[in-house]
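J.: My structure is in model_36.csv, and what it holds is CSV, C-alpha atoms:
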```csv
chain,number,residue,atom,x,y,z
O,96,MET,CA,-20.1,-30.6,-24.4
O,97,ALA,CA,-17.7,-30.1,-21.5
O,98,ILE,CA,-15.8,-26.8,-21.2
O,99,ASP,CA,-12.4,-26.7,-23.0
O,100,PHE,CA,-10.1,-25.0,-20.6
O,101,HIS,CA,-7.4,-24.7,-23.4
O,102,ASP,CA,-9.7,-22.8,-25.8
O,103,VAL,CA,-8.5,-19.2,-25.9
O,104,ARG,CA,-12.1,-18.1,-26.0
O,105,ASN,CA,-12.5,-19.3,-22.4
O,106,ARG,CA,-9.3,-17.5,-21.1
O,107,THR,CA,-11.3,-14.9,-19.0
O,108,SER,CA,-14.1,-17.2,-17.9
O,109,TYR,CA,-12.6,-17.5,-14.4
O,110,TRP,CA,-11.4,-14.0,-14.0
O,111,GLY,CA,-12.6,-10.5,-13.2
O,112,ARG,CA,-14.3,-10.7,-9.8
O,113,PRO,CA,-13.0,-10.4,-6.2
O,114,ALA,CA,-13.4,-13.2,-3.6
O,115,ASP,CA,-16.2,-12.2,-1.2
O,116,PRO,CA,-15.7,-11.4,2.5
O,117,SER,CA,-17.9,-14.4,3.2
O,118,TRP,CA,-15.2,-16.7,1.7
O,119,GLU,CA,-12.4,-14.8,3.6
O,120,ALA,CA,-14.1,-15.2,6.9
O,121,ALA,CA,-14.6,-18.9,6.4
O,122,ILE,CA,-11.0,-19.4,5.5
O,123,ARG,CA,-9.8,-17.6,8.6
O,124,GLU,CA,-11.8,-20.0,10.6
O,125,LEU,CA,-10.0,-23.0,9.1
O,126,VAL,CA,-6.4,-21.9,8.8
O,127,ASP,CA,-4.1,-19.0,9.6
O,128,PRO,CA,-3.0,-17.5,6.2
O,129,VAL,CA,-0.7,-14.8,7.6
O,130,GLY,CA,2.8,-15.4,6.5
O,131,ALA,CA,2.0,-18.7,4.8
O,132,VAL,CA,3.2,-20.2,1.6
O,133,VAL,CA,0.1,-21.1,-0.4
O,134,VAL,CA,-0.2,-23.2,-3.5
O,135,ASP,CA,-3.5,-22.6,-5.3
O,136,VAL,CA,-4.0,-25.6,-7.6
O,137,GLY,CA,-6.5,-25.1,-10.4
O,138,CYS,CA,-6.2,-21.4,-9.9
O,139,GLY,CA,-8.0,-20.4,-13.1
O,140,GLY,CA,-7.8,-16.6,-13.5
O,141,GLY,CA,-6.3,-16.1,-10.1
O,142,ILE,CA,-9.3,-14.8,-8.2
O,143,TYR,CA,-8.4,-16.8,-5.1
O,144,THR,CA,-4.7,-16.6,-5.6
O,145,ARG,CA,-5.1,-12.9,-5.1
O,146,ALA,CA,-7.5,-13.5,-2.2
O,147,TRP,CA,-4.8,-15.5,-0.4
O,148,HIS,CA,-2.4,-12.6,-1.0
O,149,ASP,CA,-4.9,-10.2,0.4
O,150,LEU,CA,-5.3,-12.4,3.5
O,151,GLY,CA,-1.7,-12.0,4.3
O,152,ALA,CA,0.1,-15.0,2.7
O,153,ALA,CA,3.8,-14.4,2.3
O,154,MET,CA,3.8,-16.2,-1.1
O,155,VAL,CA,1.1,-17.6,-3.3
O,156,LEU,CA,1.7,-19.8,-6.3
O,157,GLY,CA,-1.2,-20.3,-8.7
O,158,VAL,CA,-1.0,-23.6,-10.7
O,159,ASP,CA,-3.3,-24.4,-13.6
O,160,VAL,CA,-3.2,-26.6,-16.7
O,161,SER,CA,-4.4,-24.0,-19.1
O,162,GLU,CA,-1.9,-21.6,-20.5
O,163,PRO,CA,-4.6,-19.2,-21.9
O,164,ILE,CA,-6.3,-18.9,-18.6
O,165,LEU,CA,-2.9,-18.4,-16.8
O,166,ALA,CA,-2.1,-15.6,-19.2
O,167,ALA,CA,-5.2,-13.8,-18.1
O,168,ALA,CA,-4.2,-14.5,-14.4
O,169,ARG,CA,-0.8,-13.1,-14.9
O,170,ALA,CA,-2.1,-10.0,-16.6
O,171,GLU,CA,-4.5,-9.3,-13.8
O,172,HIS,CA,-2.5,-10.4,-10.7
O,173,GLY,CA,1.1,-11.1,-11.8
O,174,GLN,CA,2.3,-7.7,-10.5
O,175,LEU,CA,1.5,-8.5,-6.9
O,176,ALA,CA,4.5,-9.1,-4.6
O,177,GLY,CA,4.9,-12.7,-3.7
O,178,VAL,CA,2.4,-13.9,-6.3
O,179,ASP,CA,3.4,-16.1,-9.2
O,180,PHE,CA,1.7,-18.5,-11.7
O,181,ARG,CA,2.9,-21.7,-13.2
O,182,GLN,CA,1.5,-24.2,-15.7
O,183,GLY,CA,1.1,-27.7,-14.2
O,184,ASP,CA,-1.3,-30.6,-13.7
O,185,ALA,CA,-3.0,-31.1,-10.4
O,186,ALA,CA,-1.6,-34.6,-10.2
O,187,ALA,CA,1.9,-33.5,-11.2
O,188,THR,CA,2.6,-29.9,-10.3
O,189,GLY,CA,6.3,-30.2,-10.6
O,190,LEU,CA,6.7,-28.3,-7.3
O,191,ALA,CA,9.2,-29.3,-4.6
O,192,GLU,CA,8.1,-31.7,-1.9
O,193,GLY,CA,6.9,-30.0,1.3
O,194,CYS,CA,7.1,-26.5,-0.2
O,195,ALA,CA,3.7,-25.2,0.9
O,196,ASP,CA,2.1,-24.5,4.2
O,197,ILE,CA,-1.3,-24.7,2.6
O,198,VAL,CA,-2.5,-26.4,-0.6
O,199,PHE,CA,-5.8,-25.0,-1.8
O,200,GLU,CA,-8.1,-26.4,-4.5
O,201,ARG,CA,-11.3,-24.6,-5.3
O,202,ALA,CA,-13.8,-26.1,-7.8
O,203,LEU,CA,-11.1,-28.5,-9.1
O,204,VAL,CA,-11.8,-32.0,-8.0
O,205,HIS,CA,-15.1,-32.3,-9.9
O,206,HIS,CA,-13.1,-31.9,-13.1
O,207,THR,CA,-10.8,-34.8,-12.5
O,208,PRO,CA,-11.4,-38.6,-12.7
O,209,ASP,CA,-8.5,-39.5,-10.4
O,210,LEU,CA,-9.0,-38.1,-6.9
O,211,ALA,CA,-6.3,-40.4,-5.5
O,212,ALA,CA,-3.6,-38.9,-7.8
O,213,ILE,CA,-4.6,-35.3,-6.9
O,214,ALA,CA,-4.6,-36.1,-3.2
O,215,ALA,CA,-1.3,-37.8,-3.4
O,216,GLU,CA,0.3,-34.8,-5.1
O,217,ALA,CA,-1.2,-32.4,-2.5
O,218,PHE,CA,0.2,-34.6,0.3
O,219,ARG,CA,3.7,-34.5,-1.4
O,220,VAL,CA,3.6,-30.7,-1.9
O,221,VAL,CA,2.3,-29.6,1.6
O,222,ARG,CA,4.8,-29.6,4.4
O,223,PRO,CA,4.5,-31.9,7.4
O,224,GLY,CA,1.9,-30.3,9.7
O,225,GLY,CA,0.5,-28.3,6.8
O,226,THR,CA,-3.1,-28.0,5.6
O,227,TYR,CA,-4.9,-29.2,2.5
O,228,LEU,CA,-8.2,-27.4,1.7
O,229,ILE,CA,-10.6,-28.6,-0.9
O,230,GLN,CA,-13.6,-26.5,-1.8
O,231,ASP,CA,-16.2,-28.1,-4.0
O,232,ARG,CA,-19.8,-28.9,-4.2
O,233,SER,CA,-21.3,-32.2,-3.2
O,234,ALA,CA,-24.6,-33.5,-4.7
O,235,ASP,CA,-26.4,-32.2,-1.7
O,236,ASP,CA,-24.9,-28.7,-2.2
O,237,THR,CA,-26.1,-28.7,-5.8
O,238,ALA,CA,-29.6,-29.8,-4.8
O,239,GLN,CA,-30.3,-26.7,-2.7
O,240,PRO,CA,-33.5,-25.1,-3.8
O,241,ALA,CA,-33.5,-22.1,-6.1
O,242,SER,CA,-34.2,-18.6,-4.9
O,243,PRO,CA,-33.5,-15.1,-6.0
O,244,THR,CA,-30.2,-15.3,-4.0
O,245,HIS,CA,-29.4,-18.8,-5.2
O,246,PRO,CA,-30.4,-18.7,-8.9
O,247,ARG,CA,-28.1,-21.6,-9.8
O,248,GLY,CA,-30.8,-23.9,-8.5
O,249,TRP,CA,-33.0,-22.9,-11.4
O,250,PHE,CA,-30.5,-24.2,-13.9
O,251,PHE,CA,-31.6,-27.7,-13.0
O,252,GLU,CA,-35.3,-27.0,-13.0
O,253,VAL,CA,-35.2,-25.4,-16.5
O,254,SER,CA,-32.8,-28.1,-17.9
O,255,PRO,CA,-33.4,-31.3,-15.9
O,256,ARG,CA,-30.8,-33.2,-17.8
O,257,LEU,CA,-28.1,-31.2,-16.1
O,258,VAL,CA,-28.9,-32.9,-12.9
O,259,GLU,CA,-27.4,-36.1,-14.0
O,260,VAL,CA,-24.3,-34.3,-15.4
O,261,GLU,CA,-23.9,-32.5,-12.2
O,262,ASN,CA,-24.3,-35.5,-9.9
O,263,ARG,CA,-22.0,-37.6,-12.0
O,264,ARG,CA,-19.1,-35.1,-11.7
O,265,ARG,CA,-19.5,-34.1,-8.0
O,266,PRO,CA,-17.4,-35.8,-5.4
O,267,ASP,CA,-19.0,-38.2,-2.9
O,268,PRO,CA,-18.1,-36.8,0.5
O,269,ALA,CA,-17.4,-40.2,2.1
O,270,VAL,CA,-15.2,-41.3,-0.9
O,271,LEU,CA,-13.3,-38.1,-0.8
O,272,ILE,CA,-12.6,-38.4,2.9
O,273,ASN,CA,-11.4,-42.0,2.4
O,274,THR,CA,-9.2,-40.9,-0.4
O,275,LEU,CA,-7.6,-38.2,1.7
O,276,THR,CA,-7.0,-40.7,4.5
O,277,ALA,CA,-5.5,-43.2,2.1
O,278,ALA,CA,-3.1,-40.5,0.8
O,279,GLY,CA,-1.8,-40.1,4.3
O,280,PHE,CA,-3.8,-37.1,5.6
O,281,ASP,CA,-5.4,-37.1,9.0
O,282,GLU,CA,-7.8,-34.8,11.0
O,283,VAL,CA,-10.1,-34.6,8.0
O,284,THR,CA,-13.1,-32.4,8.7
O,285,THR,CA,-15.9,-30.8,6.6
O,286,THR,CA,-17.5,-27.4,6.7
O,287,THR,CA,-20.5,-26.0,4.8
O,288,LEU,CA,-20.2,-22.5,3.3
O,289,TRP,CA,-22.7,-20.3,1.7
O,290,GLU,CA,-20.4,-18.1,-0.3
O,291,VAL,CA,-21.4,-14.9,-2.0
O,292,ARG,CA,-20.2,-15.4,-5.5
O,293,ARG,CA,-20.9,-11.9,-6.8
O,294,ARG,CA,-23.1,-8.9,-6.3
O,295,TYR,CA,-24.7,-7.4,-9.4
O,296,ALA,CA,-26.1,-3.9,-9.8
O,297,ASP,CA,-28.9,-5.3,-11.9
O,298,ARG,CA,-30.5,-8.6,-12.9
O,299,GLU,CA,-29.4,-8.0,-16.5
O,300,ASP,CA,-25.7,-7.9,-15.5
O,301,TYR,CA,-26.1,-11.4,-14.1
O,302,LEU,CA,-28.0,-12.7,-17.1
O,303,ALA,CA,-25.2,-11.4,-19.4
O,304,GLU,CA,-22.8,-13.6,-17.5
O,305,ILE,CA,-25.1,-16.6,-17.9
O,306,ALA,CA,-25.5,-15.9,-21.6
O,307,ALA,CA,-21.6,-15.9,-21.9
O,308,ARG,CA,-21.3,-19.0,-19.8
O,309,THR,CA,-18.8,-17.0,-17.7
O,310,GLY,CA,-17.3,-19.0,-14.8
O,311,ARG,CA,-19.9,-21.7,-14.9
O,312,SER,CA,-18.6,-24.9,-16.6
O,313,ILE,CA,-22.0,-26.6,-16.3
O,314,LEU,CA,-23.5,-24.2,-18.8
O,315,HIS,CA,-21.1,-25.6,-21.5
O,316,GLU,CA,-23.3,-28.7,-21.4
O,317,LEU,CA,-26.1,-26.7,-23.0
O,318,ASP,CA,-26.4,-25.8,-26.7
O,319,ASP,CA,-27.0,-22.2,-27.7
O,320,ASP,CA,-30.8,-22.6,-27.9
O,321,GLU,CA,-31.0,-24.3,-24.5
O,322,LEU,CA,-28.8,-21.5,-23.0
O,323,ALA,CA,-31.1,-18.8,-24.5
O,324,GLU,CA,-34.1,-20.5,-23.0
O,325,LEU,CA,-32.4,-20.7,-19.6
O,326,VAL,CA,-31.7,-16.9,-19.8
O,327,GLU,CA,-35.3,-16.2,-20.5
O,328,GLN,CA,-36.5,-18.5,-17.7
O,329,LEU,CA,-34.2,-16.8,-15.2
O,330,ARG,CA,-35.3,-13.4,-16.3
O,331,ALA,CA,-38.9,-14.4,-15.6
O,332,ARG,CA,-38.0,-15.7,-12.1
O,333,LEU,CA,-35.6,-13.0,-10.9
O,334,PRO,CA,-36.8,-9.6,-9.6
O,335,HIS,CA,-35.7,-6.4,-11.2
O,336,GLY,CA,-32.8,-4.5,-9.5
O,337,PRO,CA,-29.7,-5.6,-7.6
O,338,LEU,CA,-28.9,-9.2,-7.3
O,339,GLU,CA,-26.6,-11.1,-4.8
O,340,GLU,CA,-25.7,-14.5,-6.0
O,341,THR,CA,-24.8,-17.1,-3.4
O,342,ASP,CA,-23.7,-20.8,-3.7
O,343,ARG,CA,-23.4,-23.5,-1.2
O,344,TRP,CA,-20.1,-25.3,-1.0
O,345,THR,CA,-18.4,-27.9,1.2
O,346,ILE,CA,-14.8,-27.4,2.3
O,347,TRP,CA,-12.7,-30.4,3.3
O,348,ARG,CA,-9.8,-29.7,5.6
O,349,ALA,CA,-7.0,-32.2,6.1
O,350,THR,CA,-3.6,-32.2,7.7
O,351,ARG,CA,-0.4,-33.8,6.7
O,352,PRO,CA,1.0,-35.4,9.9
O,353,ALA,CA,4.0,-33.6,11.4
```
What would you get if you wrote out this structure as structure tokens?
T.:
Amino acid sequence: MAIDFHDVRNRTSYWGRPADPSWEAAIRELVDPVGAVVVDVGCGGGIYTRAWHDLGAAMVLGVDVSEPILAAARAEHGQLAGVDFRQGDAAATGLAEGCADIVFERALVHHTPDLAAIAAEAFRVVRPGGTYLIQDRSADDTAQPASPTHPRGWFFEVSPRLVEVENRRRPDPAVLINTLTAAGFDEVTTTTLWEVRRRYADREDYLAEIAARTGRSILHELDDDELAELVEQLRARLPHGPLEETDRWTIWRATRPA
């Protein structure tokens, strides 16, 4: 079944790791974060809310629909100057019009059936001349071949039925661009990013996260027996020792006309 973001047992699923320098470098190529007001929609445990703060944003507001997940975010990052968290829906944040220089949504749009509503809300919240960044995976991103640095690809080899689930929920790039344009954005561009998700001291540290379904909503589609089989198959494929996990993403960048 799909992940339940309101289940208190999932409150720390999107929490507890730093954003990697590979992500920070990509963001700096797309937008100037220094002194910006950033709204991080679908912020989860605040990993990227904190990353925007560390990049020099003057104010970062994390918005998420899940109160248990927000509680974990506040506990971890709420003490940072200029950082705050608020419960809200991606299609109805409750924020003031034009309050943000940057609206950022990472790994959000594949969880929503109404792209138009989310794009319209982002257009309302970002100021004229401001930037809207969507980071998500397309079907092409998820189809990248598996390797010791991209073990996610083995999820779909071991459990082929996940391919249909994944493709069904991933945004079509052309449809998303048309949706952004229809919402009023212009200068829509796309960038491909291989982001280091996390570095592990040992293969078993990575497998422990897989067994706990930490930060990977697709794994909630598997029952416990299927998940245990995936862990064993990954163990057989991955070498002993340190592991660097990377994932391929697409970033859509759009501008609200001044």
J.: Quick one: distance from CA of Leu325 in chain O to CA of Arg292 in chain O in Å, one decimal?
T.: 19.4 Å
J.: So how far away is CA of Ala331 in chain O from CA of Gly248 in chain O, in Å?
T.: 14.4 Å
J.: Could you check which of O:Gly139, O:Gly157, O:Pro243, O:Gly279 is closest to Gly336 in chain O, using only C-alpha atoms?
T.: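 Residue with the minimum atom-to-atom distance to Gly336 in chain O: O:Pro243.
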J.: For Arg348 in chain O, which of O:Ile213, O:Thr188, O:Ile122, O:Val178 is the closest residue, counting only C-alpha atoms?
T.: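 Using only C-alpha atoms, the shortest distance to Arg348 in chain O belongs to O:Ile122.
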J.: With distances taken over all atoms listed in the file, which of O:Ile142, O:Asn273, O:Leu314, O:Ala121 is nearest to Phe251 in chain O?
T.: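 Closest to Phe251 in chain O of all the choices is O:Leu314.
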J.: Could you pull the residues within 8 Å of Gly193 in chain O, counting all atoms listed in the file, minus those fewer than 2 positions along the same chain, as an MDAnalysis selection string?
T.: chainID O and resid 191 195:196 219:223
J.: Residues within 10 Å of Trp147 in chain O, please, as a PyMOL selection string. Count only C-alpha atoms; anything in the same chain fewer than 3 positions from it doesn't count.
T.: chain O and resi 114+119+122+128-129+131-135+141-144+150-156+178+199
J.: Mind giving me the straight-line distance from CA of Thr309 in chain O to CA of Arg264 in chain O in Å, one decimal?
T.: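 Interatomic distance here is 19.1 Å.
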J.: What's the 10 Å shell around Val258 in chain O, counting only C-alpha atoms, without same-chain residues fewer than 4 positions away, as a VMD selection string?
T.: chain O and resid 234 237 to 238 250 to 252 254 262 to 263 313
J.: For Leu338 in chain O, which residue out of O:Arg351, O:Arg256, O:Arg298, O:Arg311 is the nearest one, using all atoms listed in the file?
T.: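 Between O:Arg351, O:Arg256, O:Arg298, O:Arg311, the residue approaching Leu338 in chain O most closely is O:Arg298.
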J.: Pick from O:Ala217, O:Val136, O:Cys194, O:Ala146: nearest to Phe180 in chain O, with only C-alpha atoms counted?
T.: O:Val136
J.: Calculated over all atoms listed in the file, which of the candidates O:Asp149, O:Asp184, O:Asp236, O:Glu339 has the smallest distance to Glu216 in chain O?
T.: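 Of O:Asp149, O:Asp184, O:Asp236, O:Glu339, the one nearest Glu216 in chain O is O:Asp184, counting all atoms listed in the file.
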J.: Excluding range 326-328 of chain O and any residue of its chain fewer than 4 positions from it, enumerate the residues within 12 Å of it, using only C-alpha atoms, and give them as a list in words.
T.: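 Contacts, with the query itself left out: Pro246, Arg247, Trp249, Phe250, Phe251, Glu252, Val253, Ser254, Arg298, Glu299, Asp300, Tyr301, Leu302, Ala303, Glu304, Ile305, Ala306, Ala307, Arg308, Leu314, Leu317, Asp319, Asp320, Glu321, Leu322, Arg332 and Leu333 of chain O.
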